[in-house]
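Worksheet for the structure shown next.
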Amino acid sequence: MKITDISPDEYAPYQEAYIHLVNEEYTLTEELEISVHNLIHFVREIPMDKYDYRYAEGKWTIKDILQHIIDSERIFAYRALRFSRNDTTPLPGFDENSYAANTDAAKRSINDLLTEMSAVRHANIMMFKSFTAEDLIRKGTASGYTVSVRALGFLLVGHQNHHIKIFKERYL
């Protein structure tokens, strides 16, 4: 299954920007694998003095954004697990700014953040590989919007790609 198989009724309208950042060439599990390696390689090439840089007052650093990607990945994956198991309990949104304010990303090394990102992603790759075709098309409600399990998988990739784009535009 590829991103081109996803229809707009499988994700929130505001998530369309993330969906459009996913490569059409690869399947979901291929994209999950390729994109985490791309992120790690990209971040390792960033000059060390940029990891704690803020392009404006109150904006997140690269380390903060990496922690945000990790936190978001866990939340999206949890939603995918719940919906894949046919749990139709509506799930609330989350306050990304509150999460960011309550981490110690600034005190962590880039290697620790990238190792955690890799571990989380590899666990999610195994989870998505375990889903049946039926599991992947199941839907649930998160943040007030209907979303499918497979869309959540692609959103992991699109969200990450969004932040790589932000790094390039505003941090480097």
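Simple scheme: letters A, B, ... for chains in structure tokens order, numbers from 1 for residues in each chain, numbers from 1 for ligands in the order shown.
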Any idea what's packed within 12 Å of Tyr171 (chain A), counting only C-alpha atoms, ignoring anything in its chain fewer than 4 positions away? Could you give it as a list in words?
Val43, Ile46, Pro47, Asp49, Lys50, Tyr51, Asp52, Tyr53, Arg54, Tyr55, Ala56, Lys59, Trp60, Thr61, Ile62, Lys63, Ile65, His163, Ile164, Lys165, Ile166 and Phe167 of chain A
Please provide the set of residues having any atom within 10 Å of Arg74 (chain A), restricted to only C-alpha atoms, with same-chain residues fewer than 2 positions apart removed, written as a PyMOL selection string.
chain A and resi 68-72+76-80+117+120-121+123-124+156
The selected residues should be written to file as a PDB file, in the first residue's frame (atoms: C-alpha atoms).
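Done, and the output landed in result_3.pdb:
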```pdb
ATOM      1  CA  HIS A  68       8.724  16.629  19.444  1.00  0.00           C
ATOM      2  CA  ILE A  69       9.007  14.211  16.507  1.00  0.00           C
ATOM      3  CA  ILE A  70       9.658  11.340  18.931  1.00  0.00           C
ATOM      4  CA  ASP A  71       6.733  12.311  21.185  1.00  0.00           C
ATOM      5  CA  SER A  72       4.381  12.748  18.224  1.00  0.00           C
ATOM      6  CA  PHE A  76       0.326   8.629  16.473  1.00  0.00           C
ATOM      7  CA  ALA A  77       1.469   5.015  16.881  1.00  0.00           C
ATOM      8  CA  TYR A  78      -0.666   4.612  20.004  1.00  0.00           C
ATOM      9  CA  ARG A  79      -3.654   5.859  18.043  1.00  0.00           C
ATOM     10  CA  ALA A  80      -2.871   3.412  15.232  1.00  0.00           C
ATOM     11  CA  MET A 117      14.089   8.081  17.390  1.00  0.00           C
ATOM     12  CA  VAL A 120      10.767   4.173  18.454  1.00  0.00           C
ATOM     13  CA  ARG A 121      10.552   4.027  14.657  1.00  0.00           C
ATOM     14  CA  ALA A 123       9.211  -0.631  17.019  1.00  0.00           C
ATOM     15  CA  ASN A 124       6.563   1.120  14.927  1.00  0.00           C
ATOM     16  CA  LEU A 156       4.574   9.565  10.910  1.00  0.00           C
TER      17      LEU A 156
END
```
Fewer than 2 positions away in the same chain doesn't count, so skip those; otherwise give me all residues within 10 Å of Ala100 (chain A), counting only C-alpha atoms, as a count of residues only.
14
What is the distance, in Å and to one decimal place, between CA of Thr4 (chain A) and CA of Phe83 (chain A)?
21.0 Å
Going by DSSP on the backbone, which residues of chain A come out as helix (DSSP H, G or I)? List them as a JSON list (two decimals) with N, CA and C atoms, in the first residue's frame.
```json
[["chain", "number", "residue", "atom", "x", "y", "z"],
["A", 3, "ILE", "N", 1.00, 5.78, -0.48],
["A", 3, "ILE", "CA", 0.29, 7.00, -0.08],
["A", 3, "ILE", "C", -0.84, 7.33, -1.07],
["A", 4, "THR", "N", -0.68, 6.95, -2.32],
["A", 4, "THR", "CA", -1.71, 7.22, -3.33],
["A", 4, "THR", "C", -2.99, 6.43, -3.08],
["A", 5, "ASP", "N", -2.93, 5.44, -2.20],
["A", 5, "ASP", "CA", -4.12, 4.65, -1.85],
["A", 5, "ASP", "C", -4.97, 5.34, -0.78],
["A", 8, "PRO", "N", -8.87, 11.42, 1.14],
["A", 8, "PRO", "CA", -8.97, 12.55, 2.08],
["A", 8, "PRO", "C", -9.87, 12.29, 3.30],
["A", 9, "ASP", "N", -10.75, 11.30, 3.24],
["A", 9, "ASP", "CA", -11.61, 11.01, 4.40],
["A", 9, "ASP", "C", -10.89, 10.15, 5.44],
["A", 10, "GLU", "N", -9.59, 9.90, 5.24],
["A", 10, "GLU", "CA", -8.82, 9.08, 6.18],
["A", 10, "GLU", "C", -7.91, 9.91, 7.08],
["A", 13, "PRO", "N", -8.25, 17.48, 7.66],
["A", 13, "PRO", "CA", -7.85, 18.43, 6.60],
["A", 13, "PRO", "C", -6.50, 19.10, 6.86],
["A", 14, "TYR", "N", -6.20, 19.44, 8.12],
["A", 14, "TYR", "CA", -4.94, 20.11, 8.41],
["A", 14, "TYR", "C", -3.74, 19.18, 8.22],
["A", 15, "GLN", "N", -3.98, 17.87, 8.15],
["A", 15, "GLN", "CA", -2.89, 16.91, 7.96],
["A", 15, "GLN", "C", -2.54, 16.68, 6.49],
["A", 16, "GLU", "N", -3.30, 17.29, 5.60],
["A", 16, "GLU", "CA", -3.04, 17.12, 4.18],
["A", 16, "GLU", "C", -1.64, 17.57, 3.80],
["A", 17, "ALA", "N", -1.15, 18.63, 4.42],
["A", 17, "ALA", "CA", 0.21, 19.11, 4.13],
["A", 17, "ALA", "C", 1.24, 18.03, 4.43],
["A", 18, "TYR", "N", 1.04, 17.25, 5.50],
["A", 18, "TYR", "CA", 1.96, 16.16, 5.83],
["A", 18, "TYR", "C", 1.85, 15.03, 4.80],
["A", 19, "ILE", "N", 0.63, 14.71, 4.44],
["A", 19, "ILE", "CA", 0.39, 13.63, 3.47],
["A", 19, "ILE", "C", 1.11, 13.93, 2.16],
["A", 28, "LEU", "N", 4.14, 1.83, 2.59],
["A", 28, "LEU", "CA", 4.17, 2.39, 3.95],
["A", 28, "LEU", "C", 5.39, 1.89, 4.72],
["A", 29, "THR", "N", 5.60, 0.59, 4.77],
["A", 29, "THR", "CA", 6.74, 0.10, 5.56],
["A", 29, "THR", "C", 8.07, 0.52, 4.95],
["A", 30, "GLU", "N", 8.15, 0.58, 3.63],
["A", 30, "GLU", "CA", 9.38, 1.07, 3.00],
["A", 30, "GLU", "C", 9.63, 2.53, 3.39],
["A", 31, "GLU", "N", 8.60, 3.34, 3.35],
["A", 31, "GLU", "CA", 8.73, 4.75, 3.73],
["A", 31, "GLU", "C", 9.13, 4.90, 5.19],
["A", 32, "LEU", "N", 8.53, 4.11, 6.06],
["A", 32, "LEU", "CA", 8.89, 4.18, 7.48],
["A", 32, "LEU", "C", 10.37, 3.86, 7.67],
["A", 33, "GLU", "N", 10.86, 2.86, 6.94],
["A", 33, "GLU", "CA", 12.27, 2.47, 7.06],
["A", 33, "GLU", "C", 13.20, 3.51, 6.43],
["A", 34, "ILE", "N", 12.91, 3.91, 5.22],
["A", 34, "ILE", "CA", 13.77, 4.85, 4.50],
["A", 34, "ILE", "C", 13.81, 6.21, 5.20],
["A", 35, "SER", "N", 12.66, 6.69, 5.61],
["A", 35, "SER", "CA", 12.59, 8.05, 6.16],
["A", 35, "SER", "C", 13.34, 8.20, 7.47],
["A", 36, "VAL", "N", 13.35, 7.20, 8.32],
["A", 36, "VAL", "CA", 14.09, 7.33, 9.58],
["A", 36, "VAL", "C", 15.58, 7.36, 9.31],
["A", 37, "HIS", "N", 16.04, 6.59, 8.34],
["A", 37, "HIS", "CA", 17.45, 6.63, 7.97],
["A", 37, "HIS", "C", 17.81, 8.00, 7.36],
["A", 38, "ASN", "N", 16.90, 8.53, 6.55],
["A", 38, "ASN", "CA", 17.12, 9.86, 5.97],
["A", 38, "ASN", "C", 17.21, 10.93, 7.05],
["A", 39, "LEU", "N", 16.34, 10.86, 8.04],
["A", 39, "LEU", "CA", 16.35, 11.83, 9.14],
["A", 39, "LEU", "C", 17.67, 11.76, 9.90],
["A", 40, "ILE", "N", 18.07, 10.56, 10.26],
["A", 40, "ILE", "CA", 19.30, 10.40, 11.04],
["A", 40, "ILE", "C", 20.51, 10.92, 10.25],
["A", 41, "HIS", "N", 20.58, 10.55, 8.99],
["A", 41, "HIS", "CA", 21.69, 11.02, 8.16],
["A", 41, "HIS", "C", 21.67, 12.55, 8.05],
["A", 42, "PHE", "N", 20.50, 13.10, 7.80],
["A", 42, "PHE", "CA", 20.36, 14.55, 7.65],
["A", 42, "PHE", "C", 20.81, 15.27, 8.92],
["A", 43, "VAL", "N", 20.31, 14.83, 10.08],
["A", 43, "VAL", "CA", 20.62, 15.51, 11.34],
["A", 43, "VAL", "C", 22.11, 15.39, 11.67],
["A", 44, "ARG", "N", 22.71, 14.27, 11.39],
["A", 44, "ARG", "CA", 24.15, 14.10, 11.67],
["A", 44, "ARG", "C", 25.01, 15.05, 10.83],
["A", 48, "MET", "N", 27.27, 21.10, 14.59],
["A", 48, "MET", "CA", 26.95, 20.95, 16.02],
["A", 48, "MET", "C", 26.44, 22.24, 16.66],
["A", 49, "ASP", "N", 26.94, 23.38, 16.22],
["A", 49, "ASP", "CA", 26.53, 24.64, 16.83],
["A", 49, "ASP", "C", 25.09, 25.02, 16.49],
["A", 50, "LYS", "N", 24.45, 24.28, 15.60],
["A", 50, "LYS", "CA", 23.06, 24.57, 15.22],
["A", 50, "LYS", "C", 22.04, 23.81, 16.07],
["A", 62, "ILE", "N", 16.60, 22.62, 17.33],
["A", 62, "ILE", "CA", 16.61, 21.36, 16.60],
["A", 62, "ILE", "C", 16.44, 20.19, 17.58],
["A", 63, "LYS", "N", 17.09, 20.26, 18.73],
["A", 63, "LYS", "CA", 16.92, 19.21, 19.74],
["A", 63, "LYS", "C", 15.46, 19.14, 20.20],
["A", 64, "ASP", "N", 14.84, 20.30, 20.43],
["A", 64, "ASP", "CA", 13.43, 20.34, 20.84],
["A", 64, "ASP", "C", 12.55, 19.69, 19.78],
["A", 65, "ILE", "N", 12.84, 19.99, 18.53],
["A", 65, "ILE", "CA", 12.02, 19.45, 17.44],
["A", 65, "ILE", "C", 12.21, 17.94, 17.32],
["A", 66, "LEU", "N", 13.42, 17.47, 17.50],
["A", 66, "LEU", "CA", 13.63, 16.01, 17.48],
["A", 66, "LEU", "C", 12.83, 15.33, 18.58],
["A", 67, "GLN", "N", 12.84, 15.92, 19.77],
["A", 67, "GLN", "CA", 12.04, 15.35, 20.86],
["A", 67, "GLN", "C", 10.56, 15.40, 20.52],
["A", 68, "HIS", "N", 10.12, 16.49, 19.89],
["A", 68, "HIS", "CA", 8.72, 16.63, 19.44],
["A", 68, "HIS", "C", 8.37, 15.54, 18.43],
["A", 69, "ILE", "N", 9.27, 15.26, 17.49],
["A", 69, "ILE", "CA", 9.01, 14.21, 16.51],
["A", 69, "ILE", "C", 8.86, 12.86, 17.21],
["A", 70, "ILE", "N", 9.72, 12.59, 18.17],
["A", 70, "ILE", "CA", 9.66, 11.34, 18.93],
["A", 70, "ILE", "C", 8.34, 11.25, 19.70],
["A", 71, "ASP", "N", 7.99, 12.31, 20.42],
["A", 71, "ASP", "CA", 6.73, 12.31, 21.18],
["A", 71, "ASP", "C", 5.53, 12.12, 20.28],
["A", 72, "SER", "N", 5.50, 12.85, 19.17],
["A", 72, "SER", "CA", 4.38, 12.75, 18.22],
["A", 72, "SER", "C", 4.30, 11.36, 17.62],
["A", 73, "GLU", "N", 5.44, 10.78, 17.32],
["A", 73, "GLU", "CA", 5.47, 9.42, 16.76],
["A", 73, "GLU", "C", 4.83, 8.44, 17.73],
["A", 74, "ARG", "N", 5.16, 8.57, 19.00],
["A", 74, "ARG", "CA", 4.57, 7.67, 20.00],
["A", 74, "ARG", "C", 3.06, 7.85, 20.08],
["A", 75, "ILE", "N", 2.60, 9.08, 20.03],
["A", 75, "ILE", "CA", 1.17, 9.35, 20.13],
["A", 75, "ILE", "C", 0.44, 8.83, 18.89],
["A", 76, "PHE", "N", 0.97, 9.11, 17.70],
["A", 76, "PHE", "CA", 0.33, 8.63, 16.47],
["A", 76, "PHE", "C", 0.31, 7.10, 16.44],
["A", 77, "ALA", "N", 1.40, 6.48, 16.88],
["A", 77, "ALA", "CA", 1.47, 5.02, 16.88],
["A", 77, "ALA", "C", 0.47, 4.42, 17.87],
["A", 78, "TYR", "N", 0.32, 5.07, 19.03],
["A", 78, "TYR", "CA", -0.67, 4.61, 20.00],
["A", 78, "TYR", "C", -2.07, 4.67, 19.40],
["A", 79, "ARG", "N", -2.35, 5.74, 18.71],
["A", 79, "ARG", "CA", -3.65, 5.86, 18.04],
["A", 79, "ARG", "C", -3.83, 4.73, 17.03],
["A", 80, "ALA", "N", -2.80, 4.48, 16.24],
["A", 80, "ALA", "CA", -2.87, 3.41, 15.23],
["A", 80, "ALA", "C", -3.13, 2.06, 15.89],
["A", 81, "LEU", "N", -2.45, 1.78, 16.99],
["A", 81, "LEU", "CA", -2.65, 0.52, 17.70],
["A", 81, "LEU", "C", -4.09, 0.41, 18.19],
["A", 82, "ARG", "N", -4.57, 1.45, 18.83],
["A", 82, "ARG", "CA", -5.94, 1.43, 19.35],
["A", 82, "ARG", "C", -6.95, 1.17, 18.22],
["A", 83, "PHE", "N", -6.83, 1.93, 17.14],
["A", 83, "PHE", "CA", -7.79, 1.80, 16.04],
["A", 83, "PHE", "C", -7.64, 0.46, 15.33],
["A", 84, "SER", "N", -6.43, -0.06, 15.22],
["A", 84, "SER", "CA", -6.22, -1.35, 14.56],
["A", 84, "SER", "C", -6.89, -2.48, 15.33],
["A", 96, "GLU", "N", 1.16, 20.07, 22.02],
["A", 96, "GLU", "CA", 2.58, 19.89, 21.69],
["A", 96, "GLU", "C", 3.47, 20.89, 22.41],
["A", 97, "ASN", "N", 2.97, 22.07, 22.68],
["A", 97, "ASN", "CA", 3.77, 23.07, 23.40],
["A", 97, "ASN", "C", 3.99, 22.69, 24.86],
["A", 98, "SER", "N", 2.99, 22.09, 25.47],
["A", 98, "SER", "CA", 3.14, 21.60, 26.83],
["A", 98, "SER", "C", 4.17, 20.48, 26.89],
["A", 99, "TYR", "N", 4.09, 19.58, 25.91],
["A", 99, "TYR", "CA", 5.07, 18.50, 25.85],
["A", 99, "TYR", "C", 6.47, 19.07, 25.72],
["A", 100, "ALA", "N", 6.66, 20.02, 24.80],
["A", 100, "ALA", "CA", 7.98, 20.60, 24.55],
["A", 100, "ALA", "C", 8.51, 21.32, 25.79],
["A", 101, "ALA", "N", 7.62, 21.96, 26.52],
["A", 101, "ALA", "CA", 8.04, 22.70, 27.72],
["A", 101, "ALA", "C", 8.44, 21.77, 28.86],
["A", 105, "ALA", "N", 15.19, 18.15, 26.43],
["A", 105, "ALA", "CA", 15.87, 17.96, 25.15],
["A", 105, "ALA", "C", 17.18, 18.72, 25.08],
["A", 106, "ALA", "N", 17.23, 19.90, 25.65],
["A", 106, "ALA", "CA", 18.45, 20.73, 25.60],
["A", 106, "ALA", "C", 19.63, 20.05, 26.28],
["A", 107, "LYS", "N", 19.36, 19.22, 27.26],
["A", 107, "LYS", "CA", 20.43, 18.55, 28.01],
["A", 107, "LYS", "C", 20.81, 17.20, 27.41],
["A", 110, "ILE", "N", 22.67, 14.76, 20.79],
["A", 110, "ILE", "CA", 22.04, 14.42, 19.51],
["A", 110, "ILE", "C", 22.04, 12.91, 19.32],
["A", 111, "ASN", "N", 23.12, 12.26, 19.70],
["A", 111, "ASN", "CA", 23.18, 10.79, 19.56],
["A", 111, "ASN", "C", 22.07, 10.11, 20.37],
["A", 112, "ASP", "N", 21.82, 10.58, 21.58],
["A", 112, "ASP", "CA", 20.74, 10.00, 22.39],
["A", 112, "ASP", "C", 19.38, 10.21, 21.72],
["A", 113, "LEU", "N", 19.15, 11.41, 21.23],
["A", 113, "LEU", "CA", 17.87, 11.70, 20.57],
["A", 113, "LEU", "C", 17.70, 10.85, 19.31],
["A", 114, "LEU", "N", 18.75, 10.73, 18.52],
["A", 114, "LEU", "CA", 18.65, 9.94, 17.29],
["A", 114, "LEU", "C", 18.53, 8.44, 17.58],
["A", 115, "THR", "N", 19.17, 7.97, 18.63],
["A", 115, "THR", "CA", 19.04, 6.57, 19.02],
["A", 115, "THR", "C", 17.61, 6.28, 19.47],
["A", 116, "GLU", "N", 17.05, 7.19, 20.26],
["A", 116, "GLU", "CA", 15.66, 7.02, 20.68],
["A", 116, "GLU", "C", 14.71, 7.06, 19.49],
["A", 117, "MET", "N", 14.94, 8.00, 18.58],
["A", 117, "MET", "CA", 14.09, 8.08, 17.39],
["A", 117, "MET", "C", 14.15, 6.78, 16.61],
["A", 118, "SER", "N", 15.33, 6.25, 16.43],
["A", 118, "SER", "CA", 15.50, 5.00, 15.70],
["A", 118, "SER", "C", 14.78, 3.85, 16.40],
["A", 119, "ALA", "N", 14.91, 3.77, 17.72],
["A", 119, "ALA", "CA", 14.26, 2.69, 18.48],
["A", 119, "ALA", "C", 12.74, 2.78, 18.37],
["A", 120, "VAL", "N", 12.22, 3.98, 18.54],
["A", 120, "VAL", "CA", 10.77, 4.17, 18.45],
["A", 120, "VAL", "C", 10.27, 3.81, 17.06],
["A", 121, "ARG", "N", 10.98, 4.31, 16.03],
["A", 121, "ARG", "CA", 10.55, 4.03, 14.66],
["A", 121, "ARG", "C", 10.63, 2.54, 14.33],
["A", 122, "HIS", "N", 11.70, 1.88, 14.77],
["A", 122, "HIS", "CA", 11.81, 0.46, 14.46],
["A", 122, "HIS", "C", 10.72, -0.36, 15.16],
["A", 123, "ALA", "N", 10.34, 0.03, 16.35],
["A", 123, "ALA", "CA", 9.21, -0.63, 17.02],
["A", 123, "ALA", "C", 7.93, -0.40, 16.22],
["A", 124, "ASN", "N", 7.77, 0.81, 15.71],
["A", 124, "ASN", "CA", 6.56, 1.12, 14.93],
["A", 124, "ASN", "C", 6.57, 0.41, 13.58],
["A", 125, "ILE", "N", 7.73, 0.25, 12.98],
["A", 125, "ILE", "CA", 7.81, -0.51, 11.74],
["A", 125, "ILE", "C", 7.31, -1.93, 11.98],
["A", 126, "MET", "N", 7.76, -2.54, 13.05],
["A", 126, "MET", "CA", 7.31, -3.91, 13.37],
["A", 126, "MET", "C", 5.80, -3.94, 13.62],
["A", 127, "MET", "N", 5.29, -2.92, 14.31],
["A", 127, "MET", "CA", 3.85, -2.87, 14.56],
["A", 127, "MET", "C", 3.08, -2.76, 13.24],
["A", 128, "PHE", "N", 3.49, -1.84, 12.36],
["A", 128, "PHE", "CA", 2.77, -1.68, 11.09],
["A", 128, "PHE", "C", 2.91, -2.91, 10.21],
["A", 129, "LYS", "N", 4.04, -3.59, 10.26],
["A", 129, "LYS", "CA", 4.19, -4.83, 9.50],
["A", 129, "LYS", "C", 3.26, -5.92, 10.02],
["A", 130, "SER", "N", 2.91, -5.86, 11.30],
["A", 130, "SER", "CA", 2.04, -6.88, 11.88],
["A", 130, "SER", "C", 0.57, -6.68, 11.53],
["A", 133, "ALA", "N", -4.38, -6.25, 6.25],
["A", 133, "ALA", "CA", -5.01, -5.26, 5.35],
["A", 133, "ALA", "C", -6.27, -4.70, 6.00],
["A", 134, "GLU", "N", -7.00, -5.54, 6.70],
["A", 134, "GLU", "CA", -8.21, -5.10, 7.39],
["A", 134, "GLU", "C", -7.88, -4.13, 8.52],
["A", 135, "ASP", "N", -6.83, -4.43, 9.28],
["A", 135, "ASP", "CA", -6.40, -3.54, 10.37],
["A", 135, "ASP", "C", -6.06, -2.15, 9.84],
["A", 136, "LEU", "N", -5.36, -2.11, 8.71],
["A", 136, "LEU", "CA", -4.85, -0.84, 8.17],
["A", 136, "LEU", "C", -5.96, 0.11, 7.72],
["A", 137, "ILE", "N", -7.09, -0.43, 7.32],
["A", 137, "ILE", "CA", -8.17, 0.45, 6.85],
["A", 137, "ILE", "C", -9.15, 0.83, 7.95],
["A", 149, "VAL", "N", -5.83, 3.84, 10.27],
["A", 149, "VAL", "CA", -4.56, 3.29, 10.76],
["A", 149, "VAL", "C", -3.46, 3.55, 9.73],
["A", 150, "ARG", "N", -3.75, 3.27, 8.47],
["A", 150, "ARG", "CA", -2.73, 3.46, 7.44],
["A", 150, "ARG", "C", -2.36, 4.92, 7.26],
["A", 151, "ALA", "N", -3.32, 5.82, 7.38],
["A", 151, "ALA", "CA", -3.00, 7.25, 7.29],
["A", 151, "ALA", "C", -2.08, 7.65, 8.45],
["A", 152, "LEU", "N", -2.33, 7.11, 9.63],
["A", 152, "LEU", "CA", -1.46, 7.43, 10.77],
["A", 152, "LEU", "C", -0.02, 6.99, 10.48],
["A", 153, "GLY", "N", 0.15, 5.86, 9.83],
["A", 153, "GLY", "CA", 1.50, 5.42, 9.45],
["A", 153, "GLY", "C", 2.17, 6.40, 8.51],
["A", 154, "PHE", "N", 1.43, 6.85, 7.52],
["A", 154, "PHE", "CA", 2.00, 7.82, 6.58],
["A", 154, "PHE", "C", 2.20, 9.19, 7.24],
["A", 155, "LEU", "N", 1.37, 9.51, 8.21],
["A", 155, "LEU", "CA", 1.54, 10.77, 8.93],
["A", 155, "LEU", "C", 2.84, 10.79, 9.74],
["A", 156, "LEU", "N", 3.27, 9.63, 10.23],
["A", 156, "LEU", "CA", 4.57, 9.57, 10.91],
["A", 156, "LEU", "C", 5.67, 10.08, 9.98],
["A", 157, "VAL", "N", 5.61, 9.64, 8.74],
["A", 157, "VAL", "CA", 6.61, 10.03, 7.75],
["A", 157, "VAL", "C", 6.44, 11.49, 7.34],
["A", 158, "GLY", "N", 5.21, 11.88, 7.03],
["A", 158, "GLY", "CA", 4.96, 13.25, 6.59],
["A", 158, "GLY", "C", 5.27, 14.28, 7.64],
["A", 159, "HIS", "N", 4.97, 13.98, 8.89],
["A", 159, "HIS", "CA", 5.28, 14.90, 9.99],
["A", 159, "HIS", "C", 6.79, 15.08, 10.11],
["A", 160, "GLN", "N", 7.51, 13.98, 10.06],
["A", 160, "GLN", "CA", 8.97, 14.04, 10.11],
["A", 160, "GLN", "C", 9.51, 14.86, 8.93],
["A", 161, "ASN", "N", 9.00, 14.61, 7.72],
["A", 161, "ASN", "CA", 9.46, 15.33, 6.54],
["A", 161, "ASN", "C", 9.16, 16.82, 6.63],
["A", 162, "HIS", "N", 8.04, 17.15, 7.24],
["A", 162, "HIS", "CA", 7.68, 18.55, 7.47],
["A", 162, "HIS", "C", 8.76, 19.23, 8.29],
["A", 163, "HIS", "N", 9.22, 18.58, 9.33],
["A", 163, "HIS", "CA", 10.22, 19.20, 10.20],
["A", 163, "HIS", "C", 11.60, 19.25, 9.53],
["A", 164, "ILE", "N", 11.92, 18.29, 8.70],
["A", 164, "ILE", "CA", 13.17, 18.39, 7.93],
["A", 164, "ILE", "C", 13.11, 19.62, 7.03],
["A", 165, "LYS", "N", 11.96, 19.83, 6.42],
["A", 165, "LYS", "CA", 11.77, 21.01, 5.56],
["A", 165, "LYS", "C", 11.95, 22.30, 6.37],
["A", 166, "ILE", "N", 11.41, 22.33, 7.58],
["A", 166, "ILE", "CA", 11.56, 23.50, 8.46],
["A", 166, "ILE", "C", 13.03, 23.70, 8.84],
["A", 167, "PHE", "N", 13.73, 22.61, 9.13],
["A", 167, "PHE", "CA", 15.16, 22.71, 9.43],
["A", 167, "PHE", "C", 15.88, 23.40, 8.29],
["A", 168, "LYS", "N", 15.61, 22.95, 7.07],
["A", 168, "LYS", "CA", 16.30, 23.50, 5.89],
["A", 168, "LYS", "C", 15.96, 24.99, 5.68],
["A", 169, "GLU", "N", 14.69, 25.33, 5.89],
["A", 169, "GLU", "CA", 14.23, 26.69, 5.61],
["A", 169, "GLU", "C", 14.62, 27.70, 6.69],
["A", 170, "ARG", "N", 14.64, 27.27, 7.96],
["A", 170, "ARG", "CA", 14.78, 28.23, 9.04],
["A", 170, "ARG", "C", 15.99, 28.06, 9.95],
["A", 171, "TYR", "N", 16.62, 26.91, 9.87],
["A", 171, "TYR", "CA", 17.72, 26.64, 10.81],
["A", 171, "TYR", "C", 19.10, 26.55, 10.14]]
```
